[in-house]
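Next comes entry36.pdb, with PDB, C-alpha atoms.
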```pdb
ATOM      1  CA  MET A   1       0.000   0.000   0.000
ATOM      2  CA  LEU A   2       2.844   2.391   0.795
ATOM      3  CA  MET A   3       4.254   1.875  -2.688
ATOM      4  CA  PHE A   4       0.886   2.980  -4.016
ATOM      5  CA  LEU A   5       1.057   6.147  -1.931
ATOM      6  CA  MET A   6       4.640   6.939  -2.946
ATOM      7  CA  PRO A   7       4.661   7.633  -6.675
ATOM      8  CA  ARG A   8       8.269   7.902  -7.842
ATOM      9  CA  ARG A   9       9.480   9.763 -10.884
ATOM     10  CA  ASP A  10      10.330   6.573 -12.741
ATOM     11  CA  VAL A  11       7.027   4.875 -11.887
ATOM     12  CA  LYS A  12       3.812   6.208 -13.372
ATOM     13  CA  LEU A  13       0.655   5.766 -11.352
ATOM     14  CA  ILE A  14      -1.601   3.712 -13.567
ATOM     15  CA  ILE A  15      -4.967   2.535 -12.366
ATOM     16  CA  ASP A  16      -6.567  -0.225 -14.404
ATOM     17  CA  MET A  17     -10.160   0.853 -15.017
ATOM     18  CA  ARG A  18     -11.325  -2.777 -15.330
ATOM     19  CA  TRP A  19     -10.016  -3.351 -11.835
ATOM     20  CA  LEU A  20     -11.936  -0.338 -10.537
ATOM     21  CA  THR A  21     -15.069  -1.637 -12.272
ATOM     22  CA  GLY A  22     -14.603  -4.875 -10.344
ATOM     23  CA  LEU A  23     -14.366  -2.929  -7.097
ATOM     24  CA  ASN A  24     -17.499  -0.989  -7.995
ATOM     25  CA  SER A  25     -19.220  -4.336  -8.562
ATOM     26  CA  LEU A  26     -18.161  -5.441  -5.081
ATOM     27  CA  ARG A  27     -19.574  -2.191  -3.731
ATOM     28  CA  PHE A  28     -22.874  -2.957  -5.481
ATOM     29  CA  TYR A  29     -23.015  -6.423  -3.890
ATOM     30  CA  ALA A  30     -22.278  -4.870  -0.497
ATOM     31  CA  ILE A  31     -25.276  -2.549  -1.006
ATOM     32  CA  VAL A  32     -27.452  -5.546  -1.906
ATOM     33  CA  LEU A  33     -26.331  -7.302   1.290
ATOM     34  CA  ILE A  34     -27.107  -4.186   3.322
ATOM     35  CA  VAL A  35     -30.639  -4.047   1.903
ATOM     36  CA  ILE A  36     -31.139  -7.786   2.501
ATOM     37  CA  TYR A  37     -29.868  -7.364   6.067
ATOM     38  CA  HIS A  38     -32.352  -4.559   6.732
ATOM     39  CA  LEU A  39     -35.235  -6.548   5.290
ATOM     40  CA  PHE A  40     -34.355  -9.938   6.819
ATOM     41  CA  HIS A  41     -31.911  -9.232   9.660
ATOM     42  CA  ARG A  42     -32.970 -12.370  11.538
ATOM     43  CA  PHE A  43     -31.826 -14.532   8.621
ATOM     44  CA  LEU A  44     -28.614 -12.611   8.001
ATOM     45  CA  PRO A  45     -27.426 -11.547  11.470
ATOM     46  CA  GLY A  46     -23.901 -10.639  10.311
ATOM     47  CA  GLY A  47     -25.084  -8.675   7.284
ATOM     48  CA  PHE A  48     -24.066  -5.375   8.825
ATOM     49  CA  ILE A  49     -20.492  -6.267   7.879
ATOM     50  CA  ALA A  50     -21.417  -5.238   4.332
ATOM     51  CA  VAL A  51     -21.365  -1.611   5.557
ATOM     52  CA  ASP A  52     -17.702  -2.059   6.485
ATOM     53  CA  ILE A  53     -16.980  -3.617   3.087
ATOM     54  CA  PHE A  54     -18.774  -0.796   1.273
ATOM     55  CA  PHE A  55     -17.014   1.913   3.258
ATOM     56  CA  THR A  56     -13.585   0.318   2.859
ATOM     57  CA  ILE A  57     -13.911  -0.071  -0.907
ATOM     58  CA  SER A  58     -15.354   3.441  -1.285
ATOM     59  CA  GLY A  59     -12.496   4.861   0.761
ATOM     60  CA  PHE A  60      -9.937   3.044  -1.341
ATOM     61  CA  LEU A  61     -11.505   4.293  -4.574
ATOM     62  CA  ILE A  62     -11.686   7.877  -3.320
ATOM     63  CA  ILE A  63      -8.080   7.856  -2.104
ATOM     64  CA  SER A  64      -7.001   6.282  -5.422
ATOM     65  CA  LYS A  65      -8.694   9.151  -7.238
ATOM     66  CA  LEU A  66      -6.981  11.706  -4.984
ATOM     67  CA  VAL A  67      -3.553  10.084  -5.395
ATOM     68  CA  LYS A  68      -4.005   9.976  -9.163
ATOM     69  CA  GLU A  69      -5.000  13.655  -9.226
ATOM     70  CA  TYR A  70      -1.993  14.548  -7.067
ATOM     71  CA  SER A  71       0.414  12.538  -9.214
ATOM     72  CA  VAL A  72      -0.902  14.034 -12.459
ATOM     73  CA  GLU A  73      -1.521  17.661 -11.417
ATOM     74  CA  GLY A  74       0.794  17.981  -8.406
ATOM     75  CA  LYS A  75      -2.087  19.070  -6.183
ATOM     76  CA  ILE A  76      -5.514  18.084  -4.949
ATOM     77  CA  LYS A  77      -8.362  20.428  -5.828
ATOM     78  CA  TYR A  78     -10.044  20.344  -2.426
ATOM     79  CA  ARG A  79     -12.919  22.759  -3.124
ATOM     80  CA  SER A  80     -13.807  21.058  -6.380
ATOM     81  CA  PHE A  81     -13.650  17.634  -4.740
ATOM     82  CA  ILE A  82     -15.913  18.651  -1.828
ATOM     83  CA  LYS A  83     -18.352  20.457  -4.134
ATOM     84  CA  ASP A  84     -18.640  17.390  -6.395
ATOM     85  CA  ARG A  85     -19.240  15.065  -3.425
ATOM     86  CA  PHE A  86     -21.738  17.455  -1.831
ATOM     87  CA  MET A  87     -23.707  17.885  -5.069
ATOM     88  CA  LYS A  88     -23.812  14.124  -5.491
ATOM     89  CA  ILE A  89     -25.115  13.448  -1.979
ATOM     90  CA  PHE A  90     -27.128  16.481  -0.814
ATOM     91  CA  PRO A  91     -29.934  16.770  -3.417
ATOM     92  CA  PRO A  92     -31.117  13.145  -2.964
ATOM     93  CA  LEU A  93     -30.783  13.567   0.813
ATOM     94  CA  LEU A  94     -32.945  16.685   0.710
ATOM     95  CA  ILE A  95     -35.628  14.830  -1.252
ATOM     96  CA  CYS A  96     -35.432  11.869   1.133
ATOM     97  CA  VAL A  97     -35.811  14.121   4.180
ATOM     98  CA  ALA A  98     -38.773  15.983   2.660
ATOM     99  CA  VAL A  99     -40.568  12.768   1.669
ATOM    100  CA  SER A 100     -39.851  11.168   5.063
ATOM    101  CA  LEU A 101     -41.255  14.171   6.914
ATOM    102  CA  ALA A 102     -44.373  14.192   4.746
ATOM    103  CA  LEU A 103     -44.927  10.450   5.224
ATOM    104  CA  ALA A 104     -44.377  10.730   8.984
ATOM    105  CA  LEU A 105     -47.392  13.036   9.193
ATOM    106  CA  PHE A 106     -49.594  10.283   7.754
ATOM    107  CA  VAL A 107     -47.967   7.158   9.168
ATOM    108  CA  ASN A 108     -46.908   7.823  12.753
ATOM    109  CA  LYS A 109     -46.848  11.295  14.298
ATOM    110  CA  ASP A 110     -44.814   9.942  17.248
ATOM    111  CA  ILE A 111     -41.828   9.918  14.915
ATOM    112  CA  LEU A 112     -42.038  13.713  14.833
ATOM    113  CA  ALA A 113     -40.919  14.029  18.471
ATOM    114  CA  GLY A 114     -37.585  15.848  18.406
ATOM    115  CA  ILE A 115     -37.677  15.951  14.624
ATOM    116  CA  GLN A 116     -36.133  19.439  14.330
ATOM    117  CA  VAL A 117     -32.815  18.321  15.820
ATOM    118  CA  ARG A 118     -32.851  15.052  13.859
ATOM    119  CA  THR A 119     -33.624  16.849  10.607
ATOM    120  CA  ALA A 120     -30.855  19.383  11.228
ATOM    121  CA  ALA A 121     -28.416  16.547  11.975
ATOM    122  CA  ALA A 122     -29.390  14.712   8.779
ATOM    123  CA  LEU A 123     -29.022  17.828   6.621
ATOM    124  CA  THR A 124     -25.687  18.834   8.174
ATOM    125  CA  PHE A 125     -24.209  15.331   7.987
ATOM    126  CA  THR A 126     -23.900  15.021  11.763
ATOM    127  CA  THR A 127     -26.383  12.232  12.546
ATOM    128  CA  ASN A 128     -23.580   9.964  13.749
ATOM    129  CA  ILE A 129     -22.403  12.626  16.207
ATOM    130  CA  LEU A 130     -25.970  13.281  17.412
ATOM    131  CA  GLU A 131     -26.493   9.558  17.990
ATOM    132  CA  LEU A 132     -23.234   9.348  19.970
ATOM    133  CA  ILE A 133     -24.064  12.376  22.115
ATOM    134  CA  THR A 134     -27.636  11.302  22.845
ATOM    135  CA  GLY A 135     -26.771   7.644  23.395
ATOM    136  CA  GLY A 136     -28.825   6.640  20.388
ATOM    137  CA  ASN A 137     -29.527   2.993  19.784
ATOM    138  CA  TYR A 138     -29.835   1.710  16.247
ATOM    139  CA  GLU A 139     -32.560  -0.741  17.261
ATOM    140  CA  ASN A 140     -34.517   1.821  19.327
ATOM    141  CA  THR A 141     -38.241   1.304  18.827
ATOM    142  CA  ILE A 142     -39.475   3.606  21.607
ATOM    143  CA  SER A 143     -38.315   6.805  19.934
ATOM    144  CA  PRO A 144     -37.689   5.935  16.288
ATOM    145  CA  ASN A 145     -35.567   8.276  14.219
ATOM    146  CA  PRO A 146     -36.614   8.432  10.564
ATOM    147  CA  PHE A 147     -33.151   9.732   9.663
ATOM    148  CA  GLU A 148     -31.137   7.233  11.641
ATOM    149  CA  HIS A 149     -29.707   5.685   8.493
ATOM    150  CA  THR A 150     -28.123   8.995   7.575
ATOM    151  CA  TRP A 151     -25.362   8.188  10.080
ATOM    152  CA  PHE A 152     -23.549   6.580   7.183
ATOM    153  CA  LEU A 153     -23.906   9.643   4.957
ATOM    154  CA  ALA A 154     -22.581  11.738   7.839
ATOM    155  CA  LEU A 155     -19.586   9.469   8.236
ATOM    156  CA  GLU A 156     -19.010   9.469   4.486
ATOM    157  CA  MET A 157     -19.142  13.270   4.215
ATOM    158  CA  GLN A 158     -16.799  13.632   7.187
ATOM    159  CA  PHE A 159     -14.450  11.212   5.422
ATOM    160  CA  TYR A 160     -14.658  13.352   2.269
ATOM    161  CA  LEU A 161     -13.802  16.471   4.271
ATOM    162  CA  LEU A 162     -10.749  14.937   5.943
ATOM    163  CA  MET A 163      -9.208  12.501   3.461
ATOM    164  CA  PRO A 164      -8.125  14.983   0.787
ATOM    165  CA  LEU A 165      -6.256  16.928   3.467
ATOM    166  CA  ILE A 166      -4.694  13.806   4.998
ATOM    167  CA  THR A 167      -3.798  12.419   1.554
ATOM    168  CA  LYS A 168      -2.195  15.723   0.572
ATOM    169  CA  ILE A 169      -0.152  15.820   3.784
ATOM    170  CA  VAL A 170       1.008  12.200   3.440
ATOM    171  CA  LEU A 171       1.918  12.599  -0.240
ATOM    172  CA  GLY A 172       3.686  15.881   0.558
ATOM    173  CA  ILE A 173       5.757  14.147   3.245
ATOM    174  CA  PHE A 174       6.750  11.381   0.836
ATOM    175  CA  ARG A 175       7.585  13.922  -1.864
ATOM    176  CA  ASN A 176       9.800  15.876   0.557
ATOM    177  CA  ARG A 177      11.565  12.692   1.719
ATOM    178  CA  ARG A 178      12.413  11.799  -1.881
ATOM    179  CA  ARG A 179      14.135  15.132  -2.315
TER     180      ARG A 179
END
```
Any chance you could give the structure as structure tokens?
Amino acid sequence: MLMFLMPRRDVKLIIDMRWLTGLNSLRFYAIVLIVIYHLFHRFLPGGFIAVDIFFTISGFLIISKLVKEYSVEGKIKYRSFIKDRFMKIFPPLLICVAVSLALALFVNKDILAGIQVRTAAALTFTTNILELITGGNYENTISPNPFEHTWFLALEMQFYLLMPLITKIVLGIFRNRRR
């Protein structure tokens, strides 16, 4: 892995697109397992591991993209990267939140207890932090949170905010050591 992070002058960073397609396929199967787990968690008790698989592969693909950009252009375009990720995630999230709130009015008004804080957490990608602070329980049925699943989007967006900076620092250190 370190060799992948340390592009040398005599070694070009080449990423085989067929290989990345294979990883994207694995990501798809992880999503299928996550859905199956949520629908039939009694039959697939370890299915939550698919979240780890999905996140690991996604992280690898994102860091690969950042390393490639750094090796080709000599820098990482942080603003552009964050804007692209945000525009990919936020519009569907906004629709999901709006539809969930509308359905909650018709299905179960008890879900609306504390909904302002939960909605704000979902829309600011901080659901995971809110759940940690409030001692949230993923299987809580007394006070259900319609946006509980956005913990993963929160974690993903936080990853997107930090990894370009960390990748840039690590690659900068390796570049300086080569000199």
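Taking all atoms listed in the file, the non-local environment of A:His149 within 10 Å (same-chain residues fewer than 4 positions away omitted) comprises Ala122, Thr127, Asn128, Tyr138, Asn145, Leu153 and Ala154 of chain A.
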Show me as a list in words the residues that reach within 12 Å of (-8.8, 4.3, -0.2), counting all atoms listed in the file and using the file's own coordinates.
Met1, Leu2, Phe4, Leu5, Leu20, Leu23, Ile53, Phe54, Phe55, Thr56, Ile57, Ser58, Gly59, Phe60, Leu61, Ile62, Ile63, Ser64, Lys65, Leu66, Val67, Lys68, Phe159, Tyr160, Met163, Pro164, Ile166 and Thr167 of chain A
In Å and to one decimal, atom CA of A:Tyr37 is distant from atom CA of A:Phe147 by 17.8 Å
Quick one: distance from atom CA of A:His41 to atom CA of A:Asp110 in Å, one decimal?
24.3 Å
Pairwise distance, atom CA of A:Gly172 with atom CA of A:Asp84, equals 23.4 Å
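For the structure in this document, the set picked by the PyMOL selection byres ((chain A and resi 48) around 10) is Ala30, Leu33, Ile34, Val35, Ile36, Tyr37, His38, His41, Leu44, Pro45, Gly46, Gly47, Ile49, Ala50, Val51, Asp52 and Ile53 of chain A.
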Written as a PyMOL selection string, what is the full residue list that the PyMOL selection byres ((chain A and resi 111) around 8) yields on the file shown?
chain A and resi 104+108-110+112-113+115+143-146
Same residues, C-alpha atoms, saved as a tab-separated table (two decimals), keeping the file's coordinate frame:
```
chain	number	residue	atom	x	y	z
A	104	ALA	CA	-44.38	10.73	8.98
A	108	ASN	CA	-46.91	7.82	12.75
A	109	LYS	CA	-46.85	11.30	14.30
A	110	ASP	CA	-44.81	9.94	17.25
A	112	LEU	CA	-42.04	13.71	14.83
A	113	ALA	CA	-40.92	14.03	18.47
A	115	ILE	CA	-37.68	15.95	14.62
A	143	SER	CA	-38.32	6.80	19.93
A	144	PRO	CA	-37.69	5.94	16.29
A	145	ASN	CA	-35.57	8.28	14.22
A	146	PRO	CA	-36.61	8.43	10.56
```
Completion step: stretch 143-154 of chain A with N, CA, C and O atoms as a PDB file, keeping the file's coordinate frame:
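Listing of result_13.pdb after writing:
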```pdb
ATOM      1  N   SER A 143     -38.389   5.488  20.565  1.00  0.00           N
ATOM      2  CA  SER A 143     -38.315   6.805  19.934  1.00  0.00           C
ATOM      3  C   SER A 143     -37.617   6.667  18.583  1.00  0.00           C
ATOM      4  O   SER A 143     -36.437   6.991  18.448  1.00  0.00           O
ATOM      5  N   PRO A 144     -38.336   6.182  17.579  1.00  0.00           N
ATOM      6  CA  PRO A 144     -37.689   5.935  16.288  1.00  0.00           C
ATOM      7  C   PRO A 144     -37.237   7.231  15.611  1.00  0.00           C
ATOM      8  O   PRO A 144     -37.874   8.267  15.739  1.00  0.00           O
ATOM      9  N   ASN A 145     -36.127   7.138  14.940  1.00  0.00           N
ATOM     10  CA  ASN A 145     -35.567   8.276  14.219  1.00  0.00           C
ATOM     11  C   ASN A 145     -35.654   7.977  12.724  1.00  0.00           C
ATOM     12  O   ASN A 145     -34.965   7.083  12.233  1.00  0.00           O
ATOM     13  N   PRO A 146     -36.473   8.719  11.998  1.00  0.00           N
ATOM     14  CA  PRO A 146     -36.614   8.432  10.564  1.00  0.00           C
ATOM     15  C   PRO A 146     -35.331   8.690   9.762  1.00  0.00           C
ATOM     16  O   PRO A 146     -35.202   8.226   8.641  1.00  0.00           O
ATOM     17  N   PHE A 147     -34.397   9.408  10.360  1.00  0.00           N
ATOM     18  CA  PHE A 147     -33.151   9.732   9.663  1.00  0.00           C
ATOM     19  C   PHE A 147     -31.952   8.997  10.238  1.00  0.00           C
ATOM     20  O   PHE A 147     -30.811   9.372  10.009  1.00  0.00           O
ATOM     21  N   GLU A 148     -32.211   7.966  10.995  1.00  0.00           N
ATOM     22  CA  GLU A 148     -31.137   7.233  11.641  1.00  0.00           C
ATOM     23  C   GLU A 148     -30.129   6.665  10.644  1.00  0.00           C
ATOM     24  O   GLU A 148     -28.944   6.612  10.909  1.00  0.00           O
ATOM     25  N   HIS A 149     -30.606   6.273   9.483  1.00  0.00           N
ATOM     26  CA  HIS A 149     -29.707   5.685   8.493  1.00  0.00           C
ATOM     27  C   HIS A 149     -28.770   6.714   7.863  1.00  0.00           C
ATOM     28  O   HIS A 149     -27.822   6.351   7.179  1.00  0.00           O
ATOM     29  N   THR A 150     -29.020   7.978   8.128  1.00  0.00           N
ATOM     30  CA  THR A 150     -28.123   8.995   7.575  1.00  0.00           C
ATOM     31  C   THR A 150     -26.807   9.071   8.346  1.00  0.00           C
ATOM     32  O   THR A 150     -25.938   9.874   7.994  1.00  0.00           O
ATOM     33  N   TRP A 151     -26.648   8.235   9.380  1.00  0.00           N
ATOM     34  CA  TRP A 151     -25.362   8.188  10.080  1.00  0.00           C
ATOM     35  C   TRP A 151     -24.249   7.842   9.108  1.00  0.00           C
ATOM     36  O   TRP A 151     -23.134   8.347   9.219  1.00  0.00           O
ATOM     37  N   PHE A 152     -24.575   6.986   8.135  1.00  0.00           N
ATOM     38  CA  PHE A 152     -23.549   6.580   7.183  1.00  0.00           C
ATOM     39  C   PHE A 152     -23.194   7.731   6.243  1.00  0.00           C
ATOM     40  O   PHE A 152     -22.019   7.942   5.930  1.00  0.00           O
ATOM     41  N   LEU A 153     -24.197   8.479   5.801  1.00  0.00           N
ATOM     42  CA  LEU A 153     -23.906   9.643   4.957  1.00  0.00           C
ATOM     43  C   LEU A 153     -23.063  10.665   5.729  1.00  0.00           C
ATOM     44  O   LEU A 153     -22.179  11.297   5.153  1.00  0.00           O
ATOM     45  N   ALA A 154     -23.366  10.822   7.008  1.00  0.00           N
ATOM     46  CA  ALA A 154     -22.581  11.738   7.839  1.00  0.00           C
ATOM     47  C   ALA A 154     -21.123  11.287   7.896  1.00  0.00           C
ATOM     48  O   ALA A 154     -20.202  12.085   7.685  1.00  0.00           O
TER      49      ALA A 154
END
```
